[in-house]
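Here is the structure we will look at, set down as structure tokens.
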Amino acid sequence: MSKILIIDDQIDNLIAIGALLKNLMKDSEVLTSQSGIEGIEITKKELPDTILLDIQMPNMDGFEVCKKLKSDNQTRHIPIIMVTAIYRDSESRVKGLELGADAFLSKPVDGSELIAQINVMLRIKKAEDKLRNEKELLQDLVEERTRELKEAKEKAENSDRLKSIFLANMSHEIRTPMNSIIGFSEILGNPNLTEEKKKKFIGLIQMSSRQLLTVITDIIDISKIDSNQMKVVEVETQLNSLLQEIYENLLNEKNVMRKEKIDLSCLSSLERKDDVIITDKNHLKHILTNLVNNALKFTERGYIRFGYDIQENKIVFFVEDTGIGIKEESKEVIFERFMQEDYKEACRYGGMGLGLAISKGLVKLLKGEIWVKSKKNKGSTFYFSIPYKPVCIIPSDFDEISISSSGCDWSDKSILIVEDDIINYNYLEEILSPTKVQCIYARSGLDAIQICKSDIKIDLILMDIQLPDLDGYETTKKIKELNPTVSIIAQTAYATNGDKQKSFEAGCDDYISKPIDSQLLYSLIRKFF
């Protein structure tokens, strides 16, 4: 419904024109005003579609009313038809048009002309409103797009900055342990080196190697999380034993870092008979290790406490420290990849800013949550929860014992080591040497098949998966066709659940991931000897 406002100081004119409009324009609403001031107020309140404005009025004439309405952004788009019985000369008309009037009518008003003029004004108003709305919509879209582009630009610049910092950190984190490994390896070649120094340097090489392996593992893990390739393998997990293992590792790290002013404690809520749960043990260990290592890195004195509590159907783990703490505004940021609260502190303490991002991703995989409470320069407490899935077990009277080379006499056995890297072969040969087992070397899958076709006695095969010709899967299949009874242990640097399953499908009898743990290798071999 269209709104038409009539502004005229003569009540007779208001009644006559109003009646005419109501009779001929039944779908319109007629508003009236007897003064210019009142007319302006009604216009601002009702925003009519057309105004019929008398020129000759006391206090404020039609010219002044027209000027005020057309100078106001709220009312400037409303068409005004000036109606007059006196100002019929061209000079007055020009003045009205210059002030913004859209048309003129002379009194007495002809009904047909009035309706025709109003319809024209309504069509113009409707078209202008449509154009104005489209223009405003376009302006909104341009502003929104401009804002999006600005945000995208800022994000891209921030991403580039973070990547540059990450690459610099990664270069530092890789080159530092590599420098120690290469440097001390060269020093070990000195024939005049004392046994004490050799022992010390070997320990430093091992420590740097573990540090380097951690860096590489973090890069691989964040890539797996990003590509949804990280899987969950739930197994029975003894919580207290896992926490004790982490505690002992943390104690060793504390001694290596010479942080004697820190007290360590590990708190368990469940007794031995109740502490077995179903979860992904490796992921859980990885999360806790990341958090306690962070606590040790950023704490110089005071204490580090970690443990867990049972809260209804959840296990809530905590790692509490008296370290440097975190600003309130940084509590969410630190869980994003490559992000560290303070890059100056990052240079001081090291790290690539991936540990908490990996922990957050792993907690999400375990269907849990992770959060932090902290005060700057007071300390932090990291929490994460996972579903509580208890397993009832009968405690045994003995603990699992580690298996080493002690007492292993395999002098009557032979192992075919299929490995394209001669250094890895030398390593395996060395750790197996105390058992006196005969090691046979095959550098490729085709070499391994040829050896199996010969009369050489083979009791066990250590099969690398990544080989230059036939891969380990195909090689295993062909060897099993030649000798179905020979035992094959797959060894790979990939160590994903898919690789493990593919190894068994190819015919492998067991599986071990690189870097190879010597005790685990002995325990696997003993299953077949």
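Just so we're on the same page: first chain in the structure tokens is A, next is B, and so on; residues restart at 1 for each chain, and ligands are numbered from 1 in the order they show up.
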(request) Write out as a VMD selection string the residues lying within 10 Å of region 236-238 of chain A, counting only C-alpha atoms and excluding same-chain residues fewer than 5 positions away. (result) chain A and resid 243 272 to 282 284 389 to 391
Residues from last step as file, all heavy atoms, as a compact mmCIF listing (two decimals), in the first residue's frame:
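Dumped to selection.txt:
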```
# COMPACT_ATOMS: atom_id res chain seq x y z
N LEU A 243 52.33 -44.30 33.12
CA LEU A 243 52.75 -43.07 33.79
C LEU A 243 54.12 -43.22 34.44
O LEU A 243 54.93 -42.28 34.44
CB LEU A 243 51.72 -42.65 34.83
CG LEU A 243 50.70 -41.59 34.35
CD1 LEU A 243 49.82 -42.15 33.24
CD2 LEU A 243 49.84 -41.10 35.50
N ARG A 272 46.39 -51.01 41.17
CA ARG A 272 46.91 -51.86 40.10
C ARG A 272 45.83 -52.72 39.47
O ARG A 272 45.76 -52.87 38.25
CB ARG A 272 48.03 -52.75 40.67
CG ARG A 272 48.47 -53.88 39.77
CD ARG A 272 49.19 -53.38 38.52
NE ARG A 272 49.54 -54.49 37.66
CZ ARG A 272 48.76 -54.98 36.69
NH1 ARG A 272 47.57 -54.46 36.48
NH2 ARG A 272 49.17 -55.98 35.93
N LYS A 273 44.93 -53.27 40.27
CA LYS A 273 43.92 -54.18 39.73
C LYS A 273 42.84 -53.45 38.93
O LYS A 273 42.05 -54.09 38.22
CB LYS A 273 43.26 -54.96 40.87
CG LYS A 273 42.53 -54.11 41.89
CD LYS A 273 42.01 -54.97 43.02
CE LYS A 273 41.29 -54.13 44.09
NZ LYS A 273 40.09 -53.47 43.56
N ASP A 274 42.78 -52.12 39.06
CA ASP A 274 41.73 -51.35 38.38
C ASP A 274 42.26 -50.42 37.30
O ASP A 274 41.48 -49.67 36.71
CB ASP A 274 40.97 -50.50 39.41
CG ASP A 274 40.31 -51.35 40.48
OD1 ASP A 274 39.76 -52.40 40.13
OD2 ASP A 274 40.36 -50.95 41.66
N ASP A 275 43.56 -50.41 37.05
CA ASP A 275 44.14 -49.36 36.21
C ASP A 275 44.28 -49.75 34.74
O ASP A 275 44.94 -49.04 33.98
CB ASP A 275 45.49 -48.91 36.75
CG ASP A 275 46.61 -49.91 36.47
OD1 ASP A 275 46.29 -51.11 36.32
OD2 ASP A 275 47.78 -49.51 36.41
N VAL A 276 43.69 -50.84 34.31
CA VAL A 276 43.77 -51.25 32.91
C VAL A 276 42.55 -50.71 32.16
O VAL A 276 41.40 -50.93 32.57
CB VAL A 276 43.86 -52.77 32.77
CG1 VAL A 276 43.92 -53.16 31.29
CG2 VAL A 276 45.09 -53.30 33.49
N ILE A 277 42.80 -49.98 31.10
CA ILE A 277 41.72 -49.39 30.30
C ILE A 277 41.91 -49.76 28.84
O ILE A 277 42.96 -50.26 28.43
CB ILE A 277 41.68 -47.85 30.44
CG1 ILE A 277 42.98 -47.24 29.88
CG2 ILE A 277 41.46 -47.44 31.89
CD1 ILE A 277 42.92 -45.74 29.70
N ILE A 278 40.87 -49.50 28.05
CA ILE A 278 40.96 -49.68 26.60
C ILE A 278 41.15 -48.30 25.97
O ILE A 278 40.32 -47.40 26.13
CB ILE A 278 39.67 -50.32 26.04
CG1 ILE A 278 39.49 -51.73 26.60
CG2 ILE A 278 39.72 -50.36 24.51
CD1 ILE A 278 40.54 -52.71 26.17
N THR A 279 42.28 -48.11 25.28
CA THR A 279 42.55 -46.86 24.56
C THR A 279 43.70 -47.11 23.60
O THR A 279 44.26 -48.21 23.55
CB THR A 279 42.89 -45.72 25.54
OG1 THR A 279 42.92 -44.48 24.83
CG2 THR A 279 44.24 -45.93 26.22
N ASP A 280 44.07 -46.10 22.85
CA ASP A 280 45.25 -46.18 22.00
C ASP A 280 46.45 -45.80 22.85
O ASP A 280 46.68 -44.62 23.15
CB ASP A 280 45.13 -45.24 20.78
CG ASP A 280 46.23 -45.48 19.76
OD1 ASP A 280 47.42 -45.45 20.16
OD2 ASP A 280 45.92 -45.70 18.58
N LYS A 281 47.22 -46.79 23.25
CA LYS A 281 48.33 -46.57 24.17
C LYS A 281 49.38 -45.63 23.59
O LYS A 281 49.88 -44.74 24.28
CB LYS A 281 48.98 -47.92 24.52
CG LYS A 281 50.15 -47.81 25.50
CD LYS A 281 50.71 -49.19 25.82
CE LYS A 281 51.89 -49.08 26.79
NZ LYS A 281 52.45 -50.42 27.11
N ASN A 282 49.70 -45.81 22.32
CA ASN A 282 50.75 -44.98 21.71
C ASN A 282 50.34 -43.51 21.65
O ASN A 282 51.14 -42.61 21.95
CB ASN A 282 51.08 -45.48 20.30
CG ASN A 282 51.77 -46.83 20.33
OD1 ASN A 282 52.47 -47.16 21.28
ND2 ASN A 282 51.56 -47.63 19.29
N LEU A 284 48.10 -42.02 23.58
CA LEU A 284 48.03 -41.50 24.95
C LEU A 284 49.43 -41.17 25.47
O LEU A 284 49.65 -40.11 26.07
CB LEU A 284 47.36 -42.54 25.86
CG LEU A 284 47.25 -42.16 27.34
CD1 LEU A 284 46.50 -40.84 27.52
CD2 LEU A 284 46.57 -43.29 28.11
N LYS A 389 37.24 -46.41 29.73
CA LYS A 389 36.79 -47.75 29.37
C LYS A 389 37.60 -48.76 30.19
O LYS A 389 38.65 -49.24 29.73
CB LYS A 389 36.99 -48.01 27.88
CG LYS A 389 36.24 -47.02 26.98
CD LYS A 389 36.56 -47.28 25.51
CE LYS A 389 35.93 -46.25 24.60
NZ LYS A 389 36.31 -46.51 23.18
N PRO A 390 37.15 -49.06 31.41
CA PRO A 390 37.94 -49.94 32.27
C PRO A 390 37.88 -51.40 31.84
O PRO A 390 36.91 -51.84 31.20
CB PRO A 390 37.27 -49.74 33.64
CG PRO A 390 35.86 -49.38 33.32
CD PRO A 390 35.91 -48.60 32.04
N VAL A 391 38.93 -52.15 32.19
CA VAL A 391 39.01 -53.59 31.95
C VAL A 391 39.31 -54.27 33.28
O VAL A 391 40.28 -53.91 33.96
CB VAL A 391 40.11 -53.94 30.92
CG1 VAL A 391 40.19 -55.45 30.74
CG2 VAL A 391 39.81 -53.26 29.59
```
(message) as a list of chain:residue names, please: the residues near Phe528 (chain A) (cut-off 12 Å, only C-alpha atoms, same-chain neighbours under 2 positions excluded).
(response)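 Contacts, with the query itself left out: A:Trp410, A:Lys413, A:Ser414, A:Ile415, A:Asp459, A:Leu460, A:Ile461, A:Thr485, A:Val486, A:Ser487, A:Ile488, A:Ile489, A:Asp509, A:Asp510, A:Leu521, A:Tyr522, A:Ser523, A:Leu524, A:Ile525, A:Arg526.
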Export, as a short mmCIF file (atom, residue, chain, number, x, y, z; two decimals), in the first residue's frame, the selected residues with N, CA, C and O atoms.
```
data_model
loop_
_atom_site.label_atom_id
_atom_site.label_comp_id
_atom_site.auth_asym_id
_atom_site.auth_seq_id
_atom_site.Cartn_x
_atom_site.Cartn_y
_atom_site.Cartn_z
N TRP A 410 72.46 -68.53 19.07
CA TRP A 410 71.83 -68.87 17.79
C TRP A 410 72.90 -69.22 16.74
O TRP A 410 72.75 -68.94 15.55
N LYS A 413 71.81 -70.98 13.68
CA LYS A 413 70.73 -70.34 12.91
C LYS A 413 71.31 -69.34 11.91
O LYS A 413 72.43 -68.84 12.08
N SER A 414 70.53 -69.05 10.91
CA SER A 414 70.94 -68.05 9.91
C SER A 414 69.76 -67.11 9.63
O SER A 414 68.61 -67.54 9.55
N ILE A 415 70.08 -65.83 9.50
CA ILE A 415 69.07 -64.81 9.23
C ILE A 415 69.43 -64.08 7.95
O ILE A 415 70.56 -63.57 7.80
N ASP A 459 66.84 -69.55 8.16
CA ASP A 459 65.89 -69.85 9.23
C ASP A 459 64.90 -68.71 9.45
O ASP A 459 63.79 -68.93 9.93
N LEU A 460 65.31 -67.48 9.12
CA LEU A 460 64.46 -66.31 9.35
C LEU A 460 64.88 -65.20 8.39
O LEU A 460 66.05 -65.09 8.04
N ILE A 461 63.90 -64.40 7.99
CA ILE A 461 64.19 -63.27 7.09
C ILE A 461 63.71 -61.98 7.75
O ILE A 461 62.57 -61.89 8.21
N THR A 485 57.35 -72.27 4.68
CA THR A 485 57.61 -72.43 6.12
C THR A 485 58.60 -71.41 6.67
O THR A 485 58.72 -71.29 7.90
N VAL A 486 59.32 -70.71 5.81
CA VAL A 486 60.30 -69.76 6.32
C VAL A 486 59.59 -68.58 7.00
O VAL A 486 58.57 -68.10 6.52
N SER A 487 60.12 -68.16 8.15
CA SER A 487 59.51 -67.06 8.90
C SER A 487 60.07 -65.72 8.42
O SER A 487 61.28 -65.58 8.19
N ILE A 488 59.18 -64.73 8.27
CA ILE A 488 59.57 -63.41 7.76
C ILE A 488 59.04 -62.33 8.70
O ILE A 488 57.85 -62.29 9.01
N ILE A 489 59.96 -61.47 9.15
CA ILE A 489 59.58 -60.31 9.96
C ILE A 489 59.76 -59.06 9.10
O ILE A 489 60.86 -58.78 8.62
N ASP A 509 55.20 -62.91 8.96
CA ASP A 509 54.77 -63.55 10.20
C ASP A 509 54.77 -62.58 11.38
O ASP A 509 54.13 -62.85 12.40
N ASP A 510 55.51 -61.49 11.26
CA ASP A 510 55.48 -60.47 12.30
C ASP A 510 55.99 -59.16 11.72
O ASP A 510 56.33 -59.09 10.52
N LEU A 521 63.38 -56.55 19.02
CA LEU A 521 63.82 -57.44 17.95
C LEU A 521 64.18 -58.82 18.50
O LEU A 521 63.78 -59.85 17.94
N TYR A 522 64.91 -58.85 19.62
CA TYR A 522 65.26 -60.15 20.23
C TYR A 522 64.00 -60.93 20.61
O TYR A 522 63.90 -62.14 20.40
N SER A 523 63.02 -60.21 21.19
CA SER A 523 61.81 -60.89 21.62
C SER A 523 61.03 -61.46 20.44
O SER A 523 60.45 -62.55 20.52
N LEU A 524 61.04 -60.74 19.30
CA LEU A 524 60.35 -61.24 18.11
C LEU A 524 61.06 -62.47 17.53
O LEU A 524 60.43 -63.47 17.16
N ILE A 525 62.40 -62.39 17.45
CA ILE A 525 63.16 -63.50 16.87
C ILE A 525 63.00 -64.76 17.71
O ILE A 525 62.89 -65.87 17.18
N ARG A 526 62.96 -64.60 19.03
CA ARG A 526 62.84 -65.76 19.91
C ARG A 526 61.53 -66.51 19.70
O ARG A 526 61.41 -67.69 20.00
#
```
Could you find all residues in region 373-528 of chain A that DSSP calls strand (DSSP E or B) from the backbone, and write them as a compact mmCIF listing (two decimals) with all heavy atoms, in the first residue's frame?
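And here's states37.txt as it stands now:
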```
# COMPACT_ATOMS: atom_id res chain seq x y z
N LYS A 373 44.84 -24.06 31.99
CA LYS A 373 44.67 -22.97 32.95
C LYS A 373 46.06 -22.46 33.30
O LYS A 373 46.95 -23.26 33.61
CB LYS A 373 43.95 -23.45 34.21
CG LYS A 373 42.51 -23.84 33.98
CD LYS A 373 41.83 -24.30 35.27
CE LYS A 373 40.38 -24.69 35.03
NZ LYS A 373 39.72 -25.16 36.28
N SER A 374 46.24 -21.15 33.22
CA SER A 374 47.59 -20.64 33.40
C SER A 374 47.58 -19.17 33.79
O SER A 374 46.63 -18.44 33.48
CB SER A 374 48.40 -20.83 32.11
OG SER A 374 49.72 -20.38 32.26
N LYS A 375 48.64 -18.75 34.46
CA LYS A 375 48.90 -17.34 34.74
C LYS A 375 50.34 -17.05 34.38
O LYS A 375 51.24 -17.83 34.70
CB LYS A 375 48.64 -17.01 36.21
CG LYS A 375 47.18 -16.99 36.59
CD LYS A 375 46.99 -16.50 38.02
CE LYS A 375 45.51 -16.41 38.38
NZ LYS A 375 45.32 -15.97 39.77
N GLY A 379 52.83 -20.24 36.26
CA GLY A 379 52.78 -21.65 35.94
C GLY A 379 51.54 -22.01 35.14
O GLY A 379 50.66 -21.17 34.90
N SER A 380 51.47 -23.26 34.71
CA SER A 380 50.37 -23.73 33.86
C SER A 380 49.92 -25.11 34.31
O SER A 380 50.71 -25.89 34.85
CB SER A 380 50.80 -23.79 32.39
OG SER A 380 51.32 -22.56 31.95
N THR A 381 48.66 -25.41 34.04
CA THR A 381 48.14 -26.77 34.20
C THR A 381 47.38 -27.14 32.93
O THR A 381 46.38 -26.49 32.59
CB THR A 381 47.20 -26.89 35.41
OG1 THR A 381 47.88 -26.44 36.58
CG2 THR A 381 46.78 -28.35 35.60
N PHE A 382 47.90 -28.11 32.21
CA PHE A 382 47.24 -28.61 31.02
C PHE A 382 46.37 -29.81 31.41
O PHE A 382 46.79 -30.68 32.16
CB PHE A 382 48.26 -29.03 29.96
CG PHE A 382 48.86 -27.87 29.22
CD1 PHE A 382 49.94 -27.17 29.74
CD2 PHE A 382 48.34 -27.47 28.00
CE1 PHE A 382 50.49 -26.10 29.07
CE2 PHE A 382 48.88 -26.39 27.32
CZ PHE A 382 49.96 -25.70 27.86
N TYR A 383 45.16 -29.83 30.87
CA TYR A 383 44.23 -30.93 31.11
C TYR A 383 43.81 -31.53 29.77
O TYR A 383 43.71 -30.83 28.76
CB TYR A 383 42.96 -30.44 31.81
CG TYR A 383 43.16 -29.79 33.15
CD1 TYR A 383 43.38 -28.42 33.26
CD2 TYR A 383 43.10 -30.54 34.32
CE1 TYR A 383 43.55 -27.81 34.50
CE2 TYR A 383 43.26 -29.94 35.57
CZ TYR A 383 43.49 -28.58 35.64
OH TYR A 383 43.65 -27.99 36.87
N PHE A 384 43.55 -32.82 29.77
CA PHE A 384 42.85 -33.43 28.64
C PHE A 384 42.06 -34.63 29.15
O PHE A 384 42.46 -35.28 30.12
CB PHE A 384 43.79 -33.80 27.49
CG PHE A 384 44.70 -34.97 27.75
CD1 PHE A 384 44.34 -36.26 27.37
CD2 PHE A 384 45.94 -34.79 28.37
CE1 PHE A 384 45.18 -37.34 27.60
CE2 PHE A 384 46.79 -35.84 28.60
CZ PHE A 384 46.41 -37.14 28.22
N SER A 385 40.95 -34.87 28.49
CA SER A 385 40.09 -35.97 28.90
C SER A 385 39.92 -36.96 27.75
O SER A 385 39.97 -36.58 26.58
CB SER A 385 38.71 -35.44 29.32
OG SER A 385 38.06 -34.85 28.20
N ILE A 386 39.74 -38.24 28.11
CA ILE A 386 39.41 -39.28 27.15
C ILE A 386 38.35 -40.17 27.78
O ILE A 386 38.19 -40.18 29.00
CB ILE A 386 40.64 -40.12 26.73
CG1 ILE A 386 41.22 -40.86 27.95
CG2 ILE A 386 41.69 -39.26 26.06
CD1 ILE A 386 42.31 -41.85 27.58
N PRO A 387 37.59 -40.91 26.99
CA PRO A 387 36.58 -41.80 27.57
C PRO A 387 37.22 -42.84 28.50
O PRO A 387 38.31 -43.35 28.22
CB PRO A 387 35.95 -42.47 26.34
CG PRO A 387 36.20 -41.52 25.22
CD PRO A 387 37.53 -40.89 25.51
N PRO A 390 37.15 -49.06 31.41
CA PRO A 390 37.94 -49.94 32.27
C PRO A 390 37.88 -51.40 31.84
O PRO A 390 36.91 -51.84 31.20
CB PRO A 390 37.27 -49.74 33.64
CG PRO A 390 35.86 -49.38 33.32
CD PRO A 390 35.91 -48.60 32.04
N SER A 414 70.53 -69.05 10.91
CA SER A 414 70.94 -68.05 9.91
C SER A 414 69.76 -67.11 9.63
O SER A 414 68.61 -67.54 9.55
CB SER A 414 71.39 -68.72 8.62
OG SER A 414 70.34 -69.51 8.08
N ILE A 415 70.08 -65.83 9.50
CA ILE A 415 69.07 -64.81 9.23
C ILE A 415 69.43 -64.08 7.95
O ILE A 415 70.56 -63.57 7.80
CB ILE A 415 68.97 -63.79 10.39
CG1 ILE A 415 68.50 -64.48 11.67
CG2 ILE A 415 68.01 -62.66 10.03
CD1 ILE A 415 68.43 -63.55 12.87
N LEU A 416 68.48 -64.04 7.02
CA LEU A 416 68.66 -63.27 5.79
C LEU A 416 68.13 -61.86 6.05
O LEU A 416 66.95 -61.67 6.35
CB LEU A 416 67.90 -63.91 4.63
CG LEU A 416 67.89 -63.12 3.31
CD1 LEU A 416 69.29 -62.92 2.76
CD2 LEU A 416 66.99 -63.82 2.28
N ILE A 417 69.01 -60.87 5.94
CA ILE A 417 68.62 -59.47 6.15
C ILE A 417 68.49 -58.80 4.79
O ILE A 417 69.48 -58.61 4.09
CB ILE A 417 69.64 -58.72 7.03
CG1 ILE A 417 69.78 -59.41 8.39
CG2 ILE A 417 69.22 -57.26 7.21
CD1 ILE A 417 70.85 -58.82 9.29
N VAL A 418 67.24 -58.48 4.43
CA VAL A 418 66.97 -57.84 3.13
C VAL A 418 66.85 -56.33 3.40
O VAL A 418 65.86 -55.87 3.97
CB VAL A 418 65.68 -58.39 2.49
CG1 VAL A 418 65.52 -57.84 1.08
CG2 VAL A 418 65.68 -59.91 2.50
N GLN A 438 74.28 -66.42 12.11
CA GLN A 438 74.88 -66.11 10.80
C GLN A 438 73.98 -65.13 10.06
O GLN A 438 72.81 -65.43 9.82
CB GLN A 438 75.07 -67.38 9.97
CG GLN A 438 75.71 -67.10 8.61
CD GLN A 438 75.76 -68.32 7.71
OE1 GLN A 438 75.28 -69.39 8.09
NE2 GLN A 438 76.33 -68.17 6.53
N CYS A 439 74.52 -63.96 9.70
CA CYS A 439 73.75 -62.95 8.97
C CYS A 439 74.12 -63.00 7.49
O CYS A 439 75.30 -62.97 7.14
CB CYS A 439 74.03 -61.56 9.53
SG CYS A 439 73.39 -61.30 11.21
N ILE A 440 73.10 -63.05 6.64
CA ILE A 440 73.29 -63.07 5.18
C ILE A 440 72.65 -61.81 4.62
O ILE A 440 71.53 -61.45 5.00
CB ILE A 440 72.64 -64.33 4.57
CG1 ILE A 440 73.22 -65.59 5.23
CG2 ILE A 440 72.82 -64.36 3.06
CD1 ILE A 440 72.42 -66.84 4.93
N TYR A 441 73.36 -61.14 3.73
CA TYR A 441 72.91 -59.83 3.25
C TYR A 441 72.34 -59.92 1.84
O TYR A 441 72.94 -60.50 0.95
CB TYR A 441 74.08 -58.85 3.28
CG TYR A 441 73.73 -57.46 2.79
CD1 TYR A 441 72.58 -56.81 3.21
CD2 TYR A 441 74.57 -56.77 1.90
CE1 TYR A 441 72.26 -55.55 2.78
CE2 TYR A 441 74.27 -55.50 1.47
CZ TYR A 441 73.10 -54.89 1.91
OH TYR A 441 72.79 -53.63 1.48
N ALA A 442 71.15 -59.30 1.66
CA ALA A 442 70.55 -59.14 0.33
C ALA A 442 70.16 -57.68 0.19
O ALA A 442 69.43 -57.14 1.02
CB ALA A 442 69.34 -60.03 0.18
N LEU A 460 65.31 -67.48 9.12
CA LEU A 460 64.46 -66.31 9.35
C LEU A 460 64.88 -65.20 8.39
O LEU A 460 66.05 -65.09 8.04
CB LEU A 460 64.61 -65.82 10.81
CG LEU A 460 63.82 -64.57 11.21
CD1 LEU A 460 62.33 -64.87 11.29
CD2 LEU A 460 64.31 -64.02 12.55
N ILE A 461 63.90 -64.40 7.99
CA ILE A 461 64.19 -63.27 7.09
C ILE A 461 63.71 -61.98 7.75
O ILE A 461 62.57 -61.89 8.21
CB ILE A 461 63.49 -63.44 5.72
CG1 ILE A 461 63.97 -64.72 5.04
CG2 ILE A 461 63.76 -62.22 4.83
CD1 ILE A 461 63.24 -65.02 3.75
N LEU A 462 64.60 -60.98 7.81
CA LEU A 462 64.22 -59.62 8.19
C LEU A 462 64.02 -58.85 6.89
O LEU A 462 64.99 -58.55 6.18
CB LEU A 462 65.29 -58.96 9.06
CG LEU A 462 65.49 -59.55 10.46
CD1 LEU A 462 66.63 -58.84 11.18
CD2 LEU A 462 64.21 -59.47 11.27
N MET A 463 62.78 -58.53 6.56
CA MET A 463 62.43 -58.00 5.24
C MET A 463 62.12 -56.51 5.32
O MET A 463 61.11 -56.09 5.92
CB MET A 463 61.20 -58.74 4.70
CG MET A 463 60.69 -58.24 3.35
SD MET A 463 61.86 -58.58 1.99
CE MET A 463 61.73 -60.39 1.93
N ASP A 464 62.98 -55.68 4.70
CA ASP A 464 62.68 -54.26 4.58
C ASP A 464 61.55 -54.10 3.55
O ASP A 464 61.49 -54.83 2.56
CB ASP A 464 63.93 -53.50 4.13
CG ASP A 464 63.70 -52.00 4.14
OD1 ASP A 464 62.89 -51.53 4.95
OD2 ASP A 464 64.34 -51.29 3.34
N SER A 487 60.12 -68.16 8.15
CA SER A 487 59.51 -67.06 8.90
C SER A 487 60.07 -65.72 8.42
O SER A 487 61.28 -65.58 8.19
CB SER A 487 59.80 -67.22 10.40
OG SER A 487 59.26 -68.43 10.86
N ILE A 488 59.18 -64.73 8.27
CA ILE A 488 59.57 -63.41 7.76
C ILE A 488 59.04 -62.33 8.70
O ILE A 488 57.85 -62.29 9.01
CB ILE A 488 59.05 -63.17 6.33
CG1 ILE A 488 59.58 -64.26 5.38
CG2 ILE A 488 59.43 -61.77 5.84
CD1 ILE A 488 59.06 -64.13 3.95
N ILE A 489 59.96 -61.47 9.15
CA ILE A 489 59.58 -60.31 9.96
C ILE A 489 59.76 -59.06 9.10
O ILE A 489 60.86 -58.78 8.62
CB ILE A 489 60.45 -60.19 11.23
CG1 ILE A 489 60.26 -61.42 12.12
CG2 ILE A 489 60.10 -58.92 12.01
CD1 ILE A 489 61.18 -61.44 13.34
N ALA A 490 58.66 -58.33 8.89
CA ALA A 490 58.73 -57.09 8.10
C ALA A 490 59.33 -55.98 8.95
O ALA A 490 59.06 -55.87 10.14
CB ALA A 490 57.33 -56.69 7.64
N GLN A 491 60.16 -55.16 8.33
CA GLN A 491 60.71 -53.98 9.01
C GLN A 491 60.52 -52.77 8.09
O GLN A 491 60.83 -52.83 6.91
CB GLN A 491 62.19 -54.19 9.35
CG GLN A 491 63.04 -54.68 8.20
CD GLN A 491 64.52 -54.50 8.46
OE1 GLN A 491 64.92 -53.66 9.24
NE2 GLN A 491 65.34 -55.29 7.79
N THR A 492 59.97 -51.69 8.64
CA THR A 492 59.68 -50.52 7.83
C THR A 492 59.83 -49.24 8.63
O THR A 492 59.67 -49.25 9.85
CB THR A 492 58.25 -50.59 7.24
OG1 THR A 492 58.00 -49.40 6.50
CG2 THR A 492 57.22 -50.71 8.34
N ASP A 510 55.51 -61.49 11.26
CA ASP A 510 55.48 -60.47 12.30
C ASP A 510 55.99 -59.16 11.72
O ASP A 510 56.33 -59.09 10.52
CB ASP A 510 56.31 -60.88 13.53
CG ASP A 510 55.63 -60.42 14.82
OD1 ASP A 510 55.12 -59.29 14.84
OD2 ASP A 510 55.61 -61.21 15.79
N TYR A 511 56.10 -58.15 12.56
CA TYR A 511 56.30 -56.79 12.06
C TYR A 511 57.07 -55.99 13.11
O TYR A 511 56.81 -56.11 14.30
CB TYR A 511 54.92 -56.18 11.83
CG TYR A 511 54.89 -54.74 11.41
CD1 TYR A 511 54.81 -54.39 10.07
CD2 TYR A 511 54.91 -53.71 12.35
CE1 TYR A 511 54.74 -53.06 9.67
CE2 TYR A 511 54.85 -52.38 11.97
CZ TYR A 511 54.76 -52.07 10.62
OH TYR A 511 54.69 -50.76 10.23
N ILE A 512 58.02 -55.17 12.68
CA ILE A 512 58.73 -54.26 13.58
C ILE A 512 58.98 -52.96 12.85
O ILE A 512 59.25 -52.94 11.64
CB ILE A 512 60.07 -54.89 14.09
CG1 ILE A 512 60.67 -54.03 15.19
CG2 ILE A 512 61.06 -55.08 12.94
CD1 ILE A 512 61.84 -54.70 15.91
N SER A 513 58.85 -51.83 13.55
CA SER A 513 59.02 -50.54 12.90
C SER A 513 60.39 -49.95 13.24
O SER A 513 60.98 -50.24 14.27
CB SER A 513 57.92 -49.57 13.37
OG SER A 513 57.97 -49.38 14.76
```
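Restricting the calculation to only C-alpha atoms, the smallest distance between Leu362 (chain A) and any of A:Asn228, A:Asn13, A:Ser433, A:Ser265 is found for A:Asn228.
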